[in-house]
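What follows is the content of input_39.cif (mmCIF, C-alpha atoms).
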data_upload
loop_
_atom_site.label_atom_id
_atom_site.label_comp_id
_atom_site.auth_asym_id
_atom_site.auth_seq_id
_atom_site.Cartn_x
_atom_site.Cartn_y
_atom_site.Cartn_z
CA MET D 26 0.00 0.00 0.00
CA ASP D 27 1.16 3.53 -0.77
CA PHE D 28 0.87 6.39 1.70
CA ASP D 29 1.41 9.87 0.25
CA ILE D 30 1.62 12.53 2.95
CA ILE D 31 1.36 16.22 2.13
CA THR D 32 2.83 18.51 4.79
CA ILE D 33 4.71 21.76 5.35
CA PHE D 34 7.01 19.98 7.81
CA PRO D 35 8.43 16.99 5.88
CA GLU D 36 11.28 16.50 8.36
CA PHE D 37 8.72 15.77 11.09
CA PHE D 38 8.27 12.22 9.80
CA ASN D 39 11.93 11.20 10.01
CA GLY D 40 11.40 9.84 13.53
CA PRO D 41 7.86 8.44 13.90
CA LEU D 42 7.91 6.41 10.69
CA SER D 43 11.47 5.09 11.10
CA HIS D 44 10.85 2.62 13.91
CA GLY D 45 9.05 -0.59 14.74
CA MET D 46 6.37 -2.23 12.64
CA VAL D 47 5.94 0.63 10.15
CA PHE D 48 9.67 0.74 9.47
CA GLN D 49 9.85 -3.04 9.01
CA ALA D 50 6.87 -2.95 6.64
CA GLN D 51 8.72 -0.40 4.53
CA LYS D 52 11.90 -2.48 4.49
CA ARG D 53 9.95 -5.54 3.36
CA GLY D 54 8.23 -3.61 0.57
CA LEU D 55 4.75 -4.04 2.05
CA ILE D 56 4.16 -0.29 2.19
CA ASP D 57 5.68 2.76 0.53
CA ILE D 58 5.55 6.09 2.38
CA ARG D 59 6.25 9.21 0.37
CA ILE D 60 6.45 12.62 2.03
CA HIS D 61 5.57 15.63 -0.11
CA ASP D 62 6.59 19.14 0.92
CA LEU D 63 3.63 21.39 0.15
CA ARG D 64 6.01 24.30 -0.50
CA ASP D 65 7.35 22.43 -3.55
CA PHE D 66 3.97 23.01 -5.18
CA THR D 67 4.00 26.80 -4.85
CA THR D 68 4.92 29.17 -7.68
CA ASP D 69 6.06 32.34 -5.88
CA ARG D 70 9.61 32.92 -4.69
CA HIS D 71 8.51 32.98 -1.04
CA LYS D 72 6.88 29.53 -1.38
CA THR D 73 3.68 30.83 0.22
CA VAL D 74 1.27 28.14 1.39
CA ASP D 75 -1.12 30.18 3.57
CA ASP D 76 -3.05 33.43 3.61
CA ARG D 77 -5.49 35.39 5.78
CA PRO D 78 -9.10 34.14 5.95
CA PHE D 79 -11.82 36.02 4.09
CA GLY D 80 -14.29 37.58 6.50
CA GLY D 81 -11.62 38.21 9.10
CA GLY D 82 -10.66 36.18 12.12
CA ALA D 83 -7.53 34.90 13.79
CA GLY D 84 -4.82 32.81 12.17
CA MET D 85 -4.02 31.76 8.64
CA VAL D 86 -5.54 29.26 6.21
CA LEU D 87 -3.74 26.87 3.85
CA LYS D 88 -4.23 28.05 0.27
CA PRO D 89 -6.01 25.88 -2.31
CA GLU D 90 -3.57 26.22 -5.25
CA PRO D 91 -0.59 24.26 -3.83
CA LEU D 92 -2.83 21.50 -2.50
CA PHE D 93 -4.67 21.11 -5.81
CA ARG D 94 -1.32 20.87 -7.63
CA ALA D 95 0.06 18.35 -5.14
CA ILE D 96 -2.92 16.02 -5.18
CA ARG D 97 -3.32 16.14 -8.95
CA LYS D 98 0.35 15.29 -9.44
CA ILE D 99 0.27 12.42 -6.94
CA ARG D 100 -2.88 10.95 -8.46
CA ALA D 101 -1.56 11.31 -12.01
CA GLU D 102 1.39 9.09 -11.14
CA LYS D 103 -0.83 6.12 -10.19
CA THR D 104 -4.18 6.68 -11.84
CA SER D 105 -5.20 3.03 -11.94
CA LEU D 106 -4.91 2.36 -8.20
CA PRO D 107 -7.96 2.54 -5.87
CA SER D 108 -7.16 5.47 -3.61
CA LYS D 109 -8.68 8.04 -1.29
CA VAL D 110 -7.69 11.54 -0.24
CA VAL D 111 -7.92 12.14 3.49
CA LEU D 112 -7.88 15.52 5.20
CA LEU D 113 -6.73 15.24 8.81
CA THR D 114 -8.64 17.90 10.71
CA PRO D 115 -10.42 18.43 14.06
CA GLN D 116 -13.60 18.97 12.03
CA GLY D 117 -13.51 15.44 10.62
CA LYS D 118 -15.26 12.23 11.58
CA ARG D 119 -13.56 10.34 14.37
CA PHE D 120 -11.09 7.80 12.98
CA GLU D 121 -11.92 4.33 14.30
CA GLN D 122 -10.77 0.74 13.82
CA ARG D 123 -13.58 0.03 11.39
CA GLN D 124 -12.32 2.78 9.08
CA ALA D 125 -8.71 1.62 9.43
CA SER D 126 -9.85 -1.78 8.20
CA GLN D 127 -11.64 -0.23 5.22
CA PHE D 128 -8.59 1.82 4.25
CA SER D 129 -6.36 -1.26 4.45
CA ALA D 130 -8.22 -2.63 1.40
CA LEU D 131 -7.03 0.29 -0.75
CA HIS D 132 -3.79 0.59 -2.70
CA GLN D 133 -3.18 4.24 -1.87
CA ALA D 134 -4.08 6.83 0.75
CA ILE D 135 -3.19 10.49 0.18
CA LEU D 136 -3.06 12.33 3.50
CA ILE D 137 -3.30 16.11 3.85
CA CYS D 138 -1.87 17.42 7.11
CA GLY D 139 -3.95 20.44 8.11
CA ARG D 140 -2.26 23.41 9.80
CA TYR D 141 -3.03 26.83 11.25
CA GLU D 142 -6.77 27.62 11.25
CA GLY D 143 -7.44 24.99 8.64
CA VAL D 144 -7.53 24.36 4.90
CA ASP D 145 -9.42 26.29 2.23
CA GLU D 146 -12.84 24.62 2.09
CA ARG D 147 -12.64 24.19 -1.68
CA VAL D 148 -9.98 21.53 -1.13
CA ALA D 149 -12.37 19.55 1.05
CA GLU D 150 -15.27 20.02 -1.35
CA CYS D 151 -13.46 19.16 -4.58
CA LEU D 152 -10.62 16.78 -3.72
CA VAL D 153 -11.11 15.14 -0.34
CA ASP D 154 -12.89 11.80 0.08
CA GLU D 155 -12.78 11.68 3.89
CA GLU D 156 -12.23 14.27 6.63
CA LEU D 157 -10.90 12.48 9.71
CA SER D 158 -9.99 13.37 13.28
CA ILE D 159 -8.11 11.08 15.67
CA GLY D 160 -9.90 12.45 18.72
CA ASP D 161 -12.00 15.17 20.28
CA TYR D 162 -9.13 17.58 20.84
CA VAL D 163 -7.11 20.02 18.73
CA LEU D 164 -3.51 19.43 17.65
CA SER D 165 -1.19 22.05 16.18
CA GLY D 166 -1.22 20.15 12.90
CA GLY D 167 -2.16 16.95 11.14
CA GLU D 168 1.30 15.40 11.15
CA LEU D 169 0.79 13.39 14.35
CA ALA D 170 -2.62 12.30 13.11
CA ALA D 171 -1.05 11.13 9.84
CA CYS D 172 1.39 8.96 11.79
CA VAL D 173 -1.50 7.46 13.75
CA PHE D 174 -3.39 6.77 10.52
CA VAL D 175 -0.40 5.08 8.86
CA ASP D 176 0.30 2.91 11.90
CA ALA D 177 -3.33 1.85 12.39
CA VAL D 178 -3.81 0.93 8.72
CA THR D 179 -0.40 -0.67 8.16
CA ARG D 180 -0.77 -3.21 10.95
CA LEU D 181 -3.92 -4.54 9.25
CA LEU D 182 -2.20 -5.24 5.93
CA PRO D 183 -1.51 -8.90 5.11
CA GLY D 184 1.96 -10.02 6.13
CA VAL D 185 2.81 -7.02 8.30
CA LEU D 186 2.32 -8.64 11.71
CA ASN D 187 4.21 -11.84 12.47
CA ASN D 188 1.06 -13.27 14.05
CA SER D 189 -2.01 -12.43 11.98
CA SER D 190 -4.32 -13.06 14.94
CA SER D 191 -2.74 -10.09 16.73
CA ALA D 192 -4.83 -7.74 14.61
CA VAL D 193 -8.01 -9.69 15.33
CA ASN D 194 -7.98 -10.42 19.05
CA GLU D 195 -7.64 -6.87 20.33
CA SER D 196 -9.60 -3.78 21.30
CA PHE D 197 -12.23 -2.57 18.81
CA ALA D 198 -11.73 -5.55 16.48
CA ALA D 199 -14.56 -7.71 15.23
CA VAL D 200 -13.61 -11.19 16.37
CA GLU D 201 -14.63 -14.40 14.67
CA ASN D 202 -15.37 -16.46 17.76
CA THR D 203 -18.18 -18.63 19.06
CA LEU D 204 -18.68 -16.39 22.08
CA ILE D 205 -18.01 -13.05 20.42
CA PRO D 206 -20.41 -11.57 17.84
CA THR D 207 -18.85 -10.40 14.59
CA ASP D 208 -19.98 -6.82 15.24
CA SER D 209 -18.61 -6.82 18.75
CA SER D 210 -17.20 -3.51 19.98
CA VAL D 211 -15.37 -4.17 23.21
CA LEU D 212 -11.89 -3.58 24.57
CA ASP D 213 -9.20 -6.22 24.72
CA TYR D 214 -8.97 -8.65 27.63
CA PRO D 215 -6.11 -8.47 30.21
CA HIS D 216 -2.80 -10.12 29.37
CA TYR D 217 -0.25 -11.81 31.63
CA THR D 218 3.23 -13.28 31.13
CA ARG D 219 6.03 -14.76 33.26
CA PRO D 220 6.67 -14.85 36.18
CA GLU D 221 3.53 -16.52 37.48
CA ASP D 222 4.01 -14.79 40.83
CA PHE D 223 5.32 -11.23 40.94
CA GLU D 224 5.57 -9.61 44.38
CA GLY D 225 2.61 -11.66 45.58
CA GLN D 226 0.47 -10.88 42.56
CA ARG D 227 -0.33 -14.18 40.85
CA VAL D 228 -1.51 -14.86 37.33
CA PRO D 229 -5.17 -15.96 37.40
CA GLU D 230 -5.33 -19.73 37.77
CA VAL D 231 -7.68 -20.13 34.82
CA LEU D 232 -4.91 -19.02 32.45
CA LEU D 233 -2.69 -21.82 33.74
CA SER D 234 -5.38 -24.48 33.56
CA GLY D 235 -4.94 -25.47 29.92
CA ASP D 236 -8.74 -25.49 29.58
CA HIS D 237 -9.25 -23.44 26.42
CA LYS D 238 -13.00 -23.12 26.87
CA ARG D 239 -12.60 -21.72 30.40
CA VAL D 240 -9.86 -19.36 29.22
CA GLU D 241 -12.11 -18.13 26.39
CA CYS D 242 -14.98 -17.44 28.79
CA TRP D 243 -12.70 -15.70 31.29
CA ARG D 244 -11.21 -13.46 28.60
CA ARG D 245 -14.64 -12.49 27.30
CA LYS D 246 -15.86 -11.70 30.81
CA LYS D 247 -12.80 -9.54 31.57
CA ALA D 248 -13.07 -7.76 28.22
CA LEU D 249 -16.69 -6.90 28.91
CA GLU D 250 -15.89 -5.73 32.46
CA LYS D 251 -13.03 -3.54 31.25
CA THR D 252 -15.22 -2.03 28.55
CA LEU D 253 -18.00 -1.33 31.04
CA LYS D 254 -15.48 0.35 33.36
CA ASN D 255 -13.39 2.36 30.87
CA ARG D 256 -15.57 2.77 27.76
CA PRO D 257 -19.23 2.08 28.58
CA ASP D 258 -20.18 4.06 25.48
CA LEU D 259 -18.89 1.21 23.32
CA LEU D 260 -21.34 -1.32 24.69
CA GLN D 261 -24.27 0.41 23.02
CA TYR D 262 -22.71 -0.71 19.72
CA ALA D 263 -22.12 -4.27 20.82
CA THR D 264 -24.60 -7.04 20.21
CA LEU D 265 -24.47 -8.78 23.56
CA SER D 266 -25.31 -12.44 23.48
CA GLU D 267 -27.13 -14.19 26.29
CA GLU D 268 -23.76 -15.56 27.38
CA ASP D 269 -22.40 -11.99 27.54
CA LYS D 270 -25.28 -10.85 29.70
CA GLN D 271 -24.71 -13.77 32.07
CA LEU D 272 -20.98 -13.00 32.24
CA LEU D 273 -21.69 -9.37 33.15
CA GLY D 274 -24.00 -10.59 35.88
#

Take the structure in the file and give it back as structure tokens.
Amino acid sequence: MDFDIITIFPEFFNGPLSHGMVFQAQKRGLIDIRIHDLRDFTTDRHKTVDDRPFGGGAGMVLKPEPLFRAIRKIRAEKTSLPSKVVLLTPQGKRFEQRQASQFSALHQAILICGRYEGVDERVAECLVDEELSIGDYVLSGGELAACVFVDAVTRLLPGVLNNSSSAVNESFAAVENTLIPTDSSVLDYPHYTRPEDFEGQRVPEVLLSGDHKRVECWRRKKALEKTLKNRPDLLQYATLSEEDKQLLG
């Protein structure tokens, strides 16, 4: 999959995208990340990318001309590939696991990193397929959000994770399981590793029992309890089975 990121701070991405899973995916040729400096698509000697908003108000707005040139050039290079243009902005829909899964089926995502007071609305109206936000808060720019997007989508691509089940049995994932509905929306269950006893805190006996059915039930119960405690809003989206209701008591 190709990720094309348009930004006024191209050097920002030297660190976040050069480590861990995303870096390994690049080395193995599973993804290609290209950073485009928006200033390269300007025509004036000052490389101007922003201007004052019409109607007055604080701050500056990213101009439409450089962004139109950038996106048209990027798309012209790979016209046959299914792709989407994403504007990362606080005004966008909240980016969730379901959307990450949908984007992982594409061949290309073009990401626009918003800055200042925002982006000229004509860019959103004419070029953008999705406006996305990574949370209900405001960042100084879309660069961090772009890194989050790339990471979330990349880990869902075939062959990226050493264990493919890692992307299935986790928070927000729809799990194919006899106890867990396919549209389940719950957090991940607790995890334990060695030692079995750490400063008097023991690993739950059920995890040492070797009884896979009991382990499955325990994990589902703990996942439901954690969701109810930390993200009760998610349970309204979950289809709770009769077994779930019994586990929650």

> Which protein, DNA or RNA residues have an atom at most 8 Å from (3.0, 12.7, 5.2), counting only C-alpha atoms? List them as JSON, numbers by chain.
Replying inline: {"D": [28, 29, 30, 31, 32, 35, 38, 58, 59, 60, 61, 136, 137, 138, 168, 171, 172]}

> Which value, in Å to one decimal, gives the distance between atom CA of Leu212 of chain D and atom CA of Glu224 of chain D?
Replying inline: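 Atom CA of Glu224 of chain D lies 27.1 Å from atom CA of Leu212 of chain D.
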
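Atom pair atom CA of Thr68 of chain D / atom CA of Glu90 of chain D: separated by 9.3 Å.
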
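When only C-alpha atoms are used to compute distances to Thr114 of chain D, the closest of the residues D:Arg140, D:Lys52, D:Arg180, D:Arg64 turns out to be D:Arg140.
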
> So which residues touch Glu250 of chain D within 10 Å, counting only C-alpha atoms, skipping near sequence neighbours fewer than 6 positions away, as a list in words?
Replying inline: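 With the cut-off at 10 Å, the set is Val211, Leu212, Tyr214, Arg244, Arg256, Pro257, Leu272 and Leu273 of chain D.
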
Output C-alpha atoms of each residue in that selection to a file, as an mmCIF file, keeping the file's coordinate frame.
data_model
loop_
_atom_site.group_PDB
_atom_site.id
_atom_site.type_symbol
_atom_site.label_atom_id
_atom_site.label_comp_id
_atom_site.auth_asym_id
_atom_site.auth_seq_id
_atom_site.Cartn_x
_atom_site.Cartn_y
_atom_site.Cartn_z
ATOM 1 C CA VAL D 211 -15.370 -4.170 23.210
ATOM 2 C CA LEU D 212 -11.890 -3.580 24.570
ATOM 3 C CA TYR D 214 -8.970 -8.650 27.630
ATOM 4 C CA ARG D 244 -11.210 -13.460 28.600
ATOM 5 C CA ARG D 256 -15.570 2.770 27.760
ATOM 6 C CA PRO D 257 -19.230 2.080 28.580
ATOM 7 C CA LEU D 272 -20.980 -13.000 32.240
ATOM 8 C CA LEU D 273 -21.690 -9.370 33.150
#

>> So, with all atoms listed in the file as the atoms that count, which of D:Thr218, D:Arg227, D:Asp75, D:Leu112 lies closest to Gly167 of chain D?
In response: D:Leu112

> Which residues come within 12 Å of Ile135 of chain D, counting only C-alpha atoms, excluding same-chain residues fewer than 4 positions away, as a ChimeraX atom specification?
Replying inline: /D:26-32,57-61,92,95-100,103,106-113,128,131,152-156,171,174-175

>> Once the PyMOL selection byres ((chain D and resi 89) around 10) is applied to the coordinates I shared, what remains selected? I want it as a PyMOL selection string.
In response: chain D and resi 74-75+86-88+90-94+144-149

For the residues selected in the previous step, produce a file with C-alpha atoms as a JSON list (two decimals), keeping the file's coordinate frame.
[["chain", "number", "residue", "atom", "x", "y", "z"],
["D", 74, "VAL", "CA", 1.27, 28.14, 1.39],
["D", 75, "ASP", "CA", -1.12, 30.18, 3.57],
["D", 86, "VAL", "CA", -5.54, 29.26, 6.21],
["D", 87, "LEU", "CA", -3.74, 26.87, 3.85],
["D", 88, "LYS", "CA", -4.23, 28.05, 0.27],
["D", 90, "GLU", "CA", -3.57, 26.22, -5.25],
["D", 91, "PRO", "CA", -0.59, 24.26, -3.83],
["D", 92, "LEU", "CA", -2.83, 21.50, -2.50],
["D", 93, "PHE", "CA", -4.67, 21.11, -5.81],
["D", 94, "ARG", "CA", -1.32, 20.87, -7.63],
["D", 144, "VAL", "CA", -7.53, 24.36, 4.90],
["D", 145, "ASP", "CA", -9.42, 26.29, 2.23],
["D", 146, "GLU", "CA", -12.84, 24.62, 2.09],
["D", 147, "ARG", "CA", -12.64, 24.19, -1.68],
["D", 148, "VAL", "CA", -9.98, 21.53, -1.13],
["D", 149, "ALA", "CA", -12.37, 19.55, 1.05]]

> Which one is closest to Ile56 of chain D: D:Asp161, D:Asp176, D:Glu102, D:Glu36? Count all atoms listed in the file.
Replying inline: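 Of the candidates, the smallest distance to Ile56 of chain D is held by D:Asp176.
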
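Here the question is which of D:Ala134, D:Val231, D:Val185, D:Leu259 gets nearest to Gln49 of chain D using only C-alpha atoms, and that residue is D:Val185.
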
> Applied to the shown file, which residues does the PyMOL selection byres ((chain D and resi 141) around 8) return, written as a list in words?
Replying inline: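 Selected by the PyMOL selection byres ((chain D and resi 141) around 8) in this file: Gly84, Met85, Val86, Leu87, Gly139, Arg140, Glu142, Gly143, Ser165 and Gly166 of chain D.
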
> What gap, in Å, lies between atom CA of Cys242 of chain D and atom CA of Glu230 of chain D?
Replying inline: 13.4 Å

>> Evaluate the PyMOL selection byres ((chain D and resi 217) around 10) against this structure - the residues, as a ChimeraX atom specification, please.
In response: /D:215-216,218-221,227-229,232

> For Asp62 of chain D, which of D:Ser43, D:Phe37, D:Ile159, D:Glu241 is the closest residue, counting all atoms listed in the file?
Replying inline: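 Residue with the minimum atom-to-atom distance to Asp62 of chain D: D:Phe37.
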
> Looking at D:Asp236, D:Asp213, D:Glu121, D:Glu268, which one is nearest to Asn255 of chain D, with distances taken over only C-alpha atoms?
Replying inline: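 Result for the nearest residue to Asn255 of chain D: D:Asp213.
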